[in-house]
file final.txt (compact mmCIF, C-alpha atoms)
# COMPACT_ATOMS: atom_id res chain seq x y z
CA MET P 12 -31.68 -27.94 8.70
CA THR P 13 -29.61 -26.69 5.86
CA LEU P 14 -28.79 -23.24 4.59
CA LEU P 15 -29.15 -24.32 0.99
CA PRO P 16 -32.62 -22.77 0.40
CA LEU P 17 -31.36 -19.45 1.77
CA PHE P 18 -28.40 -19.51 -0.60
CA GLU P 19 -30.68 -20.45 -3.48
CA TRP P 20 -32.94 -17.53 -2.68
CA CYS P 21 -29.94 -15.16 -2.58
CA GLU P 22 -29.10 -16.27 -6.09
CA THR P 23 -32.46 -14.96 -7.31
CA THR P 24 -32.24 -11.51 -5.72
CA LEU P 25 -32.24 -8.51 -8.02
CA VAL P 26 -29.01 -7.16 -6.52
CA GLY P 27 -27.23 -10.44 -7.14
CA GLN P 28 -28.50 -10.66 -10.69
CA THR P 29 -27.54 -7.09 -11.48
CA ILE P 30 -23.97 -7.66 -10.32
CA ARG P 31 -23.76 -10.96 -12.17
CA ASP P 32 -25.00 -9.45 -15.41
CA SER P 33 -22.62 -6.52 -15.27
CA LEU P 34 -19.14 -6.71 -16.72
CA TRP P 35 -17.52 -4.26 -14.33
CA LEU P 36 -19.65 -4.17 -11.14
CA PHE P 37 -18.09 -7.28 -9.60
CA PRO P 38 -14.48 -6.17 -10.22
CA VAL P 39 -15.18 -2.68 -8.86
CA ILE P 40 -16.88 -4.00 -5.71
CA GLU P 41 -14.05 -6.48 -5.32
CA ALA P 42 -11.46 -3.69 -5.51
CA LEU P 43 -13.42 -1.74 -2.86
CA HIS P 44 -13.41 -4.89 -0.74
CA LEU P 45 -9.61 -4.94 -1.07
CA VAL P 46 -9.29 -1.28 -0.05
CA ALA P 47 -11.40 -2.06 3.03
CA PHE P 48 -9.18 -5.09 3.69
CA ALA P 49 -6.03 -2.94 3.57
CA VAL P 50 -7.37 -0.39 6.08
CA LEU P 51 -8.93 -3.02 8.33
CA GLY P 52 -5.76 -5.10 8.22
CA GLY P 53 -3.65 -2.04 9.01
CA THR P 54 -5.69 -1.12 12.10
CA VAL P 55 -5.83 -4.73 13.32
CA LEU P 56 -2.05 -5.01 12.94
CA LEU P 57 -1.51 -1.68 14.68
CA VAL P 58 -3.45 -2.66 17.80
CA ASP P 59 -2.29 -6.27 17.93
CA LEU P 60 1.39 -5.48 17.34
CA ARG P 61 1.10 -2.92 20.14
CA LEU P 62 -0.48 -5.54 22.42
CA LEU P 63 2.44 -7.83 21.58
CA GLY P 64 4.83 -5.03 22.52
CA PHE P 65 6.37 -4.73 19.04
CA LEU P 66 5.07 -1.29 18.17
CA PHE P 67 4.38 2.10 19.79
CA ARG P 68 5.44 0.97 23.25
CA PRO P 69 5.39 4.39 24.90
CA GLU P 70 1.80 4.86 23.76
CA PRO P 71 -0.85 3.30 26.03
CA VAL P 72 -2.74 0.44 24.35
CA ALA P 73 -6.11 1.95 25.23
CA ARG P 74 -5.39 5.27 23.54
CA LEU P 75 -3.97 3.69 20.40
CA ALA P 76 -6.93 1.32 20.18
CA GLU P 77 -9.30 4.23 20.62
CA ASP P 78 -7.57 6.12 17.79
CA ALA P 79 -7.77 3.12 15.51
CA ARG P 80 -11.35 2.21 16.41
CA PRO P 81 -13.40 4.51 14.13
CA TRP P 82 -11.24 3.53 11.14
CA GLN P 83 -11.38 -0.12 12.07
CA ARG P 84 -15.16 -0.07 12.38
CA GLY P 85 -15.56 2.00 9.24
CA SER P 86 -13.39 -0.31 7.16
CA LEU P 87 -15.12 -3.35 8.67
CA ALA P 88 -18.48 -1.90 7.66
CA LEU P 89 -17.20 -1.28 4.12
CA ALA P 90 -15.76 -4.81 3.97
CA LEU P 91 -19.04 -6.33 5.18
CA ALA P 92 -21.14 -4.27 2.79
CA SER P 93 -18.97 -4.96 -0.26
CA GLY P 94 -18.54 -8.59 0.80
CA SER P 95 -22.30 -9.06 1.07
CA LEU P 96 -22.76 -7.72 -2.46
CA LEU P 97 -20.08 -10.07 -3.76
CA PHE P 98 -21.78 -12.91 -1.92
CA LEU P 99 -25.20 -12.11 -3.41
CA SER P 100 -23.76 -12.33 -6.90
CA GLU P 101 -22.54 -15.93 -6.56
CA PRO P 102 -24.05 -17.66 -3.50
CA MET P 103 -24.23 -21.12 -5.03
CA LYS P 104 -20.56 -21.15 -5.99
CA LEU P 105 -19.77 -20.10 -2.41
CA TYR P 106 -22.05 -22.67 -0.86
CA TYR P 107 -19.86 -25.39 -2.33
CA SER P 108 -16.59 -23.57 -1.64
CA GLU P 109 -14.62 -24.78 1.38
CA PRO P 110 -12.50 -21.63 1.69
CA PHE P 111 -15.72 -19.61 1.92
CA TRP P 112 -16.87 -21.56 4.98
CA VAL P 113 -13.41 -21.20 6.54
CA LYS P 114 -13.61 -17.47 5.92
CA ILE P 115 -17.13 -17.04 7.31
CA SER P 116 -16.40 -19.11 10.43
CA CYS P 117 -13.23 -17.13 11.12
CA LEU P 118 -15.06 -13.88 10.42
CA PHE P 119 -17.84 -14.71 12.85
CA LEU P 120 -15.32 -15.62 15.56
CA ALA P 121 -13.08 -12.63 14.78
CA ILE P 122 -15.95 -10.15 15.11
CA LEU P 123 -17.28 -11.83 18.24
CA PHE P 124 -13.82 -11.84 19.83
CA ASN P 125 -13.02 -8.33 18.69
CA PHE P 126 -16.11 -6.79 20.24
CA THR P 127 -15.92 -8.71 23.51
CA LEU P 128 -12.70 -9.99 25.12
CA HIS P 129 -10.29 -8.22 22.78
CA PHE P 130 -12.12 -4.94 23.27
CA ARG P 131 -12.07 -5.29 27.06
CA LEU P 132 -8.38 -6.15 27.11
CA THR P 133 -7.42 -3.14 25.02
CA MET P 134 -9.39 -0.89 27.38
CA ALA P 135 -8.14 -2.53 30.58
CA ASP P 136 -5.55 -1.00 32.88
CA GLU P 137 -2.32 -2.58 31.62
CA ARG P 138 -0.58 -2.55 34.99
CA ARG P 139 -3.44 -4.42 36.58
CA VAL P 140 -4.07 -7.05 33.90
CA GLY P 141 -0.45 -7.77 33.00
CA PRO P 142 0.91 -8.14 29.46
CA PHE P 143 0.28 -11.87 29.09
CA TRP P 144 -3.46 -11.67 28.42
CA GLY P 145 -3.01 -8.81 26.00
CA ARG P 146 -0.43 -10.81 24.05
CA LEU P 147 -2.66 -13.85 24.01
CA ALA P 148 -5.58 -11.76 22.75
CA ALA P 149 -3.35 -10.31 20.02
CA VAL P 150 -2.26 -13.77 18.85
CA VAL P 151 -5.86 -15.04 18.77
CA SER P 152 -7.03 -11.92 16.95
CA LEU P 153 -4.22 -12.13 14.36
CA ALA P 154 -4.92 -15.83 13.81
CA LEU P 155 -8.64 -15.26 13.27
CA TRP P 156 -8.22 -12.29 10.92
CA SER P 157 -5.54 -14.22 9.01
CA GLY P 158 -8.06 -17.02 8.55
CA VAL P 159 -10.51 -14.50 7.12
CA ALA P 160 -7.93 -13.12 4.68
CA TRP P 161 -6.52 -16.48 3.53
CA GLY P 162 -9.98 -17.95 3.19
CA GLY P 163 -11.06 -14.95 1.16
CA ARG P 164 -8.09 -15.06 -1.20
CA TRP P 165 -8.50 -18.80 -1.64
CA ILE P 166 -12.16 -18.50 -2.70
CA GLY P 167 -10.83 -17.08 -5.96
CA PHE P 168 -8.31 -19.88 -6.49
CA SER P 169 -10.72 -22.71 -5.80
CA GLY P 170 -13.29 -21.62 -8.40
CA MET V 7 12.26 1.21 -27.25
CA SER V 8 9.95 -1.63 -26.37
CA LEU V 9 10.56 -4.04 -23.53
CA LEU V 10 8.43 -6.63 -25.31
CA PRO V 11 11.35 -8.79 -26.59
CA PHE V 12 12.78 -8.80 -23.08
CA CYS V 13 9.41 -9.89 -21.63
CA GLN V 14 9.14 -12.58 -24.29
CA TRP V 15 12.58 -13.84 -23.34
CA LEU V 16 11.59 -13.72 -19.64
CA SER V 17 8.45 -15.73 -20.29
CA GLU V 18 10.51 -18.51 -21.85
CA THR V 19 12.90 -18.92 -18.94
CA ARG V 20 12.41 -22.10 -17.01
CA LEU V 21 11.52 -20.51 -13.68
CA SER V 22 8.88 -18.32 -15.24
CA VAL V 23 7.19 -21.32 -16.83
CA ALA V 24 7.43 -23.27 -13.56
CA LEU V 25 5.91 -20.39 -11.61
CA HIS V 26 3.17 -19.93 -14.16
CA GLU V 27 2.21 -23.57 -14.13
CA SER V 28 2.61 -24.22 -10.42
CA LEU V 29 -0.48 -25.28 -8.55
CA TRP V 30 0.53 -23.81 -5.19
CA VAL V 31 3.39 -21.40 -5.55
CA TYR V 32 1.62 -18.83 -7.71
CA PRO V 33 -1.45 -18.61 -5.42
CA LEU V 34 0.85 -18.41 -2.39
CA VAL V 35 2.88 -15.59 -3.92
CA GLU V 36 -0.30 -13.76 -4.83
CA SER V 37 -1.72 -14.22 -1.33
CA ALA V 38 1.50 -12.83 0.14
CA HIS V 39 1.19 -9.89 -2.27
CA VAL V 40 -2.32 -9.19 -0.97
CA TRP V 41 -1.09 -9.62 2.60
CA SER V 42 1.52 -6.96 2.08
CA LEU V 43 -1.41 -4.61 1.40
CA ALA V 44 -2.46 -4.77 5.04
CA LEU V 45 1.04 -4.18 6.31
CA PHE V 46 2.28 -1.57 3.86
CA VAL V 47 -0.84 0.16 2.53
CA GLY V 48 -2.69 -0.26 5.83
CA PHE V 49 0.11 1.48 7.71
CA ALA V 50 0.60 4.05 4.95
CA VAL V 51 -3.09 4.91 5.36
CA LEU V 52 -2.62 5.31 9.13
CA LEU V 53 0.30 7.67 8.50
CA ASP V 54 -1.72 9.58 5.88
CA LEU V 55 -4.58 9.92 8.36
CA ARG V 56 -2.15 11.39 10.90
CA LEU V 57 -0.86 13.83 8.27
CA LEU V 58 -4.45 14.81 7.55
CA GLY V 59 -5.13 15.31 11.25
CA PHE V 60 -7.82 12.61 11.24
CA SER V 61 -6.21 10.10 13.60
CA MET V 62 -3.65 9.80 16.42
CA ARG V 63 -3.71 13.56 16.80
CA HIS V 64 -2.07 13.53 20.21
CA VAL V 65 0.95 11.52 19.00
CA PRO V 66 3.71 13.63 17.36
CA ALA V 67 3.66 13.10 13.59
CA SER V 68 7.34 12.14 13.50
CA ASP V 69 6.66 9.55 16.21
CA VAL V 70 3.91 7.94 14.14
CA ALA V 71 6.18 7.90 11.08
CA LEU V 72 9.24 6.55 12.85
CA ARG V 73 7.37 3.77 14.63
CA LEU V 74 5.44 2.63 11.60
CA LEU V 75 8.46 2.86 9.30
CA PRO V 76 10.26 -0.43 10.08
CA TRP V 77 7.03 -2.38 9.51
CA MET V 78 6.28 -0.42 6.39
CA ILE V 79 9.76 -1.17 5.03
CA GLY V 80 9.17 -4.85 5.71
CA GLY V 81 5.77 -4.69 4.04
CA PHE V 82 7.21 -2.77 1.09
CA VAL V 83 9.98 -5.30 0.53
CA LEU V 84 7.44 -8.15 0.64
CA MET V 85 5.15 -6.24 -1.72
CA VAL V 86 7.86 -5.50 -4.29
CA MET V 87 9.37 -8.97 -4.19
CA THR V 88 6.05 -10.79 -4.56
CA GLY V 89 4.97 -8.23 -7.17
CA LEU V 90 8.10 -8.86 -9.24
CA LEU V 91 7.52 -12.62 -8.99
CA LEU V 92 3.91 -12.19 -10.16
CA PHE V 93 5.17 -10.18 -13.14
CA TYR V 94 7.86 -12.78 -13.81
CA ALA V 95 5.23 -15.55 -13.89
CA ILE V 96 3.20 -13.82 -16.64
CA PRO V 97 5.54 -11.27 -18.25
CA VAL V 98 4.12 -10.64 -21.73
CA ARG V 99 0.45 -10.38 -20.83
CA THR V 100 1.21 -8.22 -17.79
CA TYR V 101 3.52 -5.94 -19.76
CA GLN V 102 0.75 -5.42 -22.30
CA SER V 103 -1.96 -4.86 -19.70
CA VAL V 104 -3.32 -1.31 -19.62
CA PHE V 105 -4.09 -1.73 -15.92
CA PHE V 106 -0.55 -2.84 -15.14
CA ARG V 107 0.80 0.17 -17.01
CA MET V 108 -1.58 2.44 -15.12
CA LYS V 109 -0.43 0.86 -11.88
CA VAL V 110 3.25 1.44 -12.66
CA ILE V 111 2.55 5.11 -13.42
CA LEU V 112 0.53 5.50 -10.21
CA LEU V 113 3.30 3.81 -8.19
CA ALA V 114 5.82 6.23 -9.70
CA LEU V 115 3.55 9.15 -8.76
CA ALA V 116 3.27 7.81 -5.21
CA GLY V 117 7.08 7.70 -5.11
CA VAL V 118 7.33 11.29 -6.35
CA ASN V 119 4.80 12.32 -3.69
CA VAL V 120 6.92 10.73 -0.95
CA PHE V 121 10.07 12.37 -2.33
CA LEU V 122 8.50 15.84 -2.49
CA PHE V 123 7.03 15.41 0.97
CA HIS V 124 10.38 14.41 2.42
CA SER V 125 12.35 17.15 0.75
CA GLY V 126 9.67 19.72 1.61
CA VAL V 127 7.43 20.06 4.62
CA TRP V 128 8.90 17.02 6.41
CA ARG V 129 12.22 18.87 6.82
CA ARG V 130 10.42 21.38 9.02
CA VAL V 131 8.51 18.71 10.96
CA ALA V 132 9.91 19.96 14.28
CA GLU V 133 7.81 23.12 13.83
CA TRP V 134 4.50 21.25 13.50
CA ASP V 135 5.23 17.85 15.02
CA ARG V 136 2.76 18.26 17.87
CA ASP V 137 0.06 20.09 15.95
CA PRO V 138 -3.10 17.97 15.93
CA VAL V 139 -3.68 19.11 12.35
CA PRO V 140 -0.47 19.42 10.29
CA PRO V 141 0.15 22.27 7.79
CA LYS V 142 -1.54 22.37 4.44
CA SER V 143 1.28 20.85 2.36
CA ALA V 144 1.55 17.88 4.74
CA ARG V 145 -2.21 17.37 4.56
CA PHE V 146 -2.02 17.57 0.79
CA ALA V 147 0.70 14.90 0.67
CA GLY V 148 -1.39 12.67 2.94
CA ALA V 149 -4.54 13.09 0.86
CA LEU V 150 -2.68 12.51 -2.40
CA SER V 151 -1.09 9.36 -1.02
CA LEU V 152 -4.51 8.04 0.04
CA VAL V 153 -6.00 8.67 -3.39
CA LEU V 154 -3.00 7.16 -5.18
CA TRP V 155 -2.97 3.99 -3.09
CA ILE V 156 -6.69 3.41 -3.55
CA ALA V 157 -6.18 3.85 -7.29
CA ILE V 158 -3.20 1.46 -7.20
CA ILE V 159 -5.32 -1.20 -5.49
CA PHE V 160 -8.04 -0.75 -8.12
CA ALA V 161 -5.59 -0.90 -11.03
CA GLY V 162 -3.84 -3.91 -9.51
CA ARG V 163 -7.09 -5.81 -9.05
CA MET V 164 -8.14 -5.10 -12.62
CA ILE V 165 -4.99 -6.69 -14.09
CA ALA V 166 -6.78 -9.99 -13.53
CA TYR V 167 -9.45 -9.09 -16.11
CA ASN V 168 -8.78 -9.54 -19.80
CA TRP V 169 -11.20 -6.94 -21.24
CA PHE V 170 -8.43 -5.00 -22.96
CA ASP V 171 -5.98 -7.81 -23.71
CA CYS V 172 -4.09 -7.66 -26.97
CA ASP V 173 -5.44 -11.05 -28.06
CA ARG V 174 -9.00 -9.76 -27.80
CA GLN V 175 -9.43 -7.74 -30.95
CA PRO V 176 -10.90 -5.51 -32.21
CA GLN V 177 -10.15 -2.92 -29.55
CA PRO V 178 -10.31 0.84 -29.84
CA ALA V 179 -7.06 2.26 -31.20
CA ILE V 180 -6.33 4.03 -27.94
CA VAL V 181 -6.46 0.74 -26.01
CA ASN V 182 -4.05 -0.91 -28.44
CA TRP V 183 -1.78 2.07 -28.21
CA ALA V 184 -1.87 2.18 -24.39
CA ALA V 185 -1.31 -1.57 -24.13
CA GLY V 186 1.45 -1.51 -26.75
CA CYS V 187 -0.18 -4.31 -28.71
CA ALA V 188 1.92 -5.52 -31.63
CA LEU V 189 -0.78 -5.88 -34.28
CA GLU V 190 -0.51 -7.49 -37.68
CA PRO V 191 -0.73 -4.74 -40.25
CA VAL V 192 -4.25 -4.68 -41.65
CA GLY V 193 -5.12 -3.23 -44.99
CA PRO V 194 -5.75 -4.20 -48.60
CA GLU V 195 -4.20 -7.62 -49.23

call {"tool": "encode", "arguments": {"input": "final.txt", "output": "C-alpha cells"}}
result
Amino acid sequence: MTLLPLFEWCETTLVGQTIRDSLWLFPVIEALHLVAFAVLGGTVLLVDLRLLGFLFRPEPVARLAEDARPWQRGSLALALASGSLLFLSEPMKLYYSEPFWVKISCLFLAILFNFTLHFRLTMADERRVGPFWGRLAAVVSLALWSGVAWGGRWIGFSG
Amino acid sequence: MSLLPFCQWLSETRLSVALHESLWVYPLVESAHVWSLALFVGFAVLLDLRLLGFSMRHVPASDVALRLLPWMIGGFVLMVMTGLLLFYAIPVRTYQSVFFRMKVILLALAGVNVFLFHSGVWRRVAEWDRDPVPPKSARFAGALSLVLWIAIIFAGRMIAYNWFDCDRQPQPAIVNWAAGCALEPVGPE
C-alpha cells in the first residue's frame, strides 16, 4: 500500500488550492509556523535542560513542566495546524522530499514519546526515579525535536 | 548617507561570494539562525509570559530572568552572528529589502523596550518579585516584547520573498523609497 493516492487527493483540496493560488497566504502561514516553532522549542528546551540539570535546579521538574505544559501544547497545536495547511498546499513536492519524511517520522516519535514516557518522567518523584532516566528522556526528546526542526528547515533547501 | 556603496563592496569580497555560492554553508548558517529562535526568542517568550503573569507565577520574576539569562545570551550571540553572516552572504539585496529594514527597526525597538524596562520597573523588582502578576509597566514591557518578536519573525521570514525587490519594477514610489532603490532617472529622453 502506498500513500501516494492520499497525497494526490490532498493536492486537489480547496484549502490547498487557495493557499497555492495566493501570493501571501503561504508566507504568512509559514511565519506563523515559525512563531509556533520558537515557543514550542523554548518550552521543550526549558523542560529538557531542567531534566539534564542545566537550568532551574532549585525548581522541581514536575512544577516547571506543569507551567510549561499549556504553552507547549498550545504552540504544538498551532504548529500542527499551520503545518497541515502548508502541507495541503504542496503535498506532491513533499511526497518526493526526503527531509519531509525525516521530519514526519521524528514528529510522530517526538509526540508519542512526549505524551507517554517523557510525560511520566517529568511527573515522577525525582528522588525515587533518580536523575539518570530523566536525563536520558531529555536527550531522546531533544534529539527527536531537533530532527523535526532540521527536517523542516531542509524541506525548503531541497526544493 | 547611503550604505549602498559599502554593501556593494561587501558583496564583492571573496568570502561573501563563497558564502553566497556555497552548497552547504549557507543552509547551515540559516538553520542555525532559525535554531537560535527556539533558544533566544523561545526563552524571551517564557520571560515575557512571567512578566505578564501568565506562567511560572510561583517562581520569583528575578529568578526566572536570572536563570534564563545565560541561555538567552548564548542564543542571542548565535542569532546575531549567524544573522550577520546571512547579511554578509547577500548584502545588496538584503540592504534594499523593505522587510529587512522593517526587521532592523523592530529589533531596535525591542532593544529600547529592554533598556526602558531595565532602567524602570526592573530596578524595583524586589518590591514585586513574588507577585504572581507583576505591576502594569512590567506587564506592558512583556506584552510589547511579545508583539515585537512575533513581528520580527514575520519580517525576517518575508526577506526571502522578492515581491518588493528593486529589480522588480515598476513598484509604487513608497516601496522604492522604503527600499532605497537607486533607480535610473526616467523622463523625456

call {"tool": "interface_residues", "arguments": {"input": "final.txt", "of": "chain V", "to": "chain P", "cutoff": "10 Å", "atoms": "all atoms listed in the file", "output": "number ranges by chain"}}
result
V: 29-30, 33-34, 36-38, 40-52, 55, 60-65, 69-70, 72-74, 76-77, 155-164, 166-167, 169

call {"tool": "residues_around", "arguments": {"input": "final.txt", "residues": "P:Glu19", "least_positions_apart": "3", "cutoff": "12 Å", "atoms": "all atoms listed in the file", "output": "CSV table (one decimal) with C-alpha atoms, keeping the file's coordinate frame"}}
result
chain,number,residue,atom,x,y,z
P,13,THR,CA,-29.6,-26.7,5.9
P,14,LEU,CA,-28.8,-23.2,4.6
P,15,LEU,CA,-29.2,-24.3,1.0
P,16,PRO,CA,-32.6,-22.8,0.4
P,22,GLU,CA,-29.1,-16.3,-6.1
P,23,THR,CA,-32.5,-15.0,-7.3
P,24,THR,CA,-32.2,-11.5,-5.7
P,27,GLY,CA,-27.2,-10.4,-7.1
P,98,PHE,CA,-21.8,-12.9,-1.9
P,99,LEU,CA,-25.2,-12.1,-3.4
P,100,SER,CA,-23.8,-12.3,-6.9
P,101,GLU,CA,-22.5,-15.9,-6.6
P,102,PRO,CA,-24.0,-17.7,-3.5
P,103,MET,CA,-24.2,-21.1,-5.0
P,104,LYS,CA,-20.6,-21.2,-6.0
P,105,LEU,CA,-19.8,-20.1,-2.4
P,106,TYR,CA,-22.0,-22.7,-0.9
P,107,TYR,CA,-19.9,-25.4,-2.3

call {"tool": "atom_distance", "arguments": {"input": "final.txt", "atom1": "atom CA of P:Ala154", "atom2": "atom CA of P:Val113"}}
result
12.4 Å

call {"tool": "atom_distance", "arguments": {"input": "final.txt", "atom1": "atom CA of P:Gly94", "atom2": "atom CA of V:Leu154"}}
result
22.9 Å

call {"tool": "atom_distance", "arguments": {"input": "final.txt", "atom1": "atom CA of V:Leu112", "atom2": "atom CA of V:Leu92"}}
result
18.0 Å

call {"tool": "closest_residue", "arguments": {"input": "final.txt", "among": "V:Ile96, V:Ala147, V:Leu90, V:Val131", "to": "V:Val118", "atoms": "only C-alpha atoms"}}
result
V:Ala147

call {"tool": "decode", "arguments": {"input": "final.txt", "residues": "stretch 57-138 of chain P", "atoms": "C-alpha atoms", "output": "compact mmCIF listing (two decimals), in the first residue's frame"}}
result
# COMPACT_ATOMS: atom_id res chain seq x y z
CA LEU P 57 13.16 24.62 29.26
CA VAL P 58 11.92 21.22 30.44
CA ASP P 59 14.72 19.17 28.89
CA LEU P 60 17.53 21.43 30.10
CA ARG P 61 15.97 21.20 33.57
CA LEU P 62 15.87 17.40 33.31
CA LEU P 63 19.55 17.49 32.35
CA GLY P 64 20.22 19.62 35.42
CA PHE P 65 21.47 22.65 33.46
CA LEU P 66 18.64 25.02 34.30
CA PHE P 67 16.35 25.97 37.20
CA ARG P 68 17.78 23.35 39.55
CA PRO P 69 16.03 24.53 42.70
CA GLU P 70 12.69 24.26 40.91
CA PRO P 71 11.12 20.77 40.88
CA VAL P 72 10.91 19.28 37.38
CA ALA P 73 7.23 18.46 37.78
CA ARG P 74 6.24 22.04 38.60
CA LEU P 75 8.29 23.55 35.80
CA ALA P 76 6.90 21.03 33.32
CA GLU P 77 3.39 21.82 34.51
CA ASP P 78 4.00 25.55 33.99
CA ALA P 79 5.34 24.96 30.51
CA ARG P 80 2.67 22.46 29.50
CA PRO P 81 -0.22 24.72 28.38
CA TRP P 82 2.18 26.81 26.28
CA GLN P 83 3.85 23.73 24.89
CA ARG P 84 0.53 22.17 23.90
CA GLY P 85 -0.80 25.45 22.55
CA SER P 86 2.26 26.06 20.39
CA LEU P 87 2.25 22.43 19.26
CA ALA P 88 -1.38 22.82 18.20
CA LEU P 89 -0.53 26.00 16.29
CA ALA P 90 2.47 24.29 14.67
CA LEU P 91 0.36 21.28 13.64
CA ALA P 92 -2.46 23.43 12.29
CA SER P 93 -0.19 25.76 10.31
CA GLY P 94 1.97 22.82 9.22
CA SER P 95 -1.08 20.95 7.91
CA LEU P 96 -2.09 23.97 5.84
CA LEU P 97 1.42 24.24 4.41
CA PHE P 98 1.31 20.53 3.66
CA LEU P 99 -2.03 20.78 1.84
CA SER P 100 -0.62 23.44 -0.45
CA GLU P 101 2.22 21.27 -1.80
CA PRO P 102 1.71 17.58 -0.96
CA MET P 103 3.29 16.21 -4.12
CA LYS P 104 6.51 18.16 -3.65
CA LEU P 105 6.63 16.82 -0.08
CA TYR P 106 5.89 13.26 -1.10
CA TYR P 107 9.16 13.22 -3.03
CA SER P 108 11.10 15.18 -0.40
CA GLU P 109 13.37 13.13 1.87
CA PRO P 110 13.65 15.80 4.57
CA PHE P 111 9.85 15.81 4.81
CA TRP P 112 9.77 12.10 5.66
CA VAL P 113 12.57 12.59 8.19
CA LYS P 114 10.57 15.40 9.75
CA ILE P 115 7.28 13.49 9.88
CA SER P 116 8.90 10.35 11.33
CA CYS P 117 10.66 12.37 14.01
CA LEU P 118 7.47 14.32 14.70
CA PHE P 119 5.43 11.16 15.15
CA LEU P 120 8.03 9.72 17.53
CA ALA P 121 8.52 13.03 19.36
CA ILE P 122 4.79 13.41 20.05
CA LEU P 123 4.43 9.77 21.05
CA PHE P 124 7.42 10.00 23.39
CA ASN P 125 6.39 13.36 24.77
CA PHE P 126 2.92 12.24 25.78
CA THR P 127 4.00 8.90 27.25
CA LEU P 128 7.40 8.19 28.81
CA HIS P 129 8.66 11.77 28.83
CA PHE P 130 5.44 12.97 30.44
CA ARG P 131 5.60 10.28 33.13
CA LEU P 132 9.24 11.03 33.90
CA THR P 133 8.61 14.74 34.33
CA MET P 134 5.76 13.97 36.73
CA ALA P 135 7.60 11.26 38.65
CA ASP P 136 9.07 11.73 42.11
CA GLU P 137 12.68 12.69 41.34
CA ARG P 138 14.13 11.15 44.48
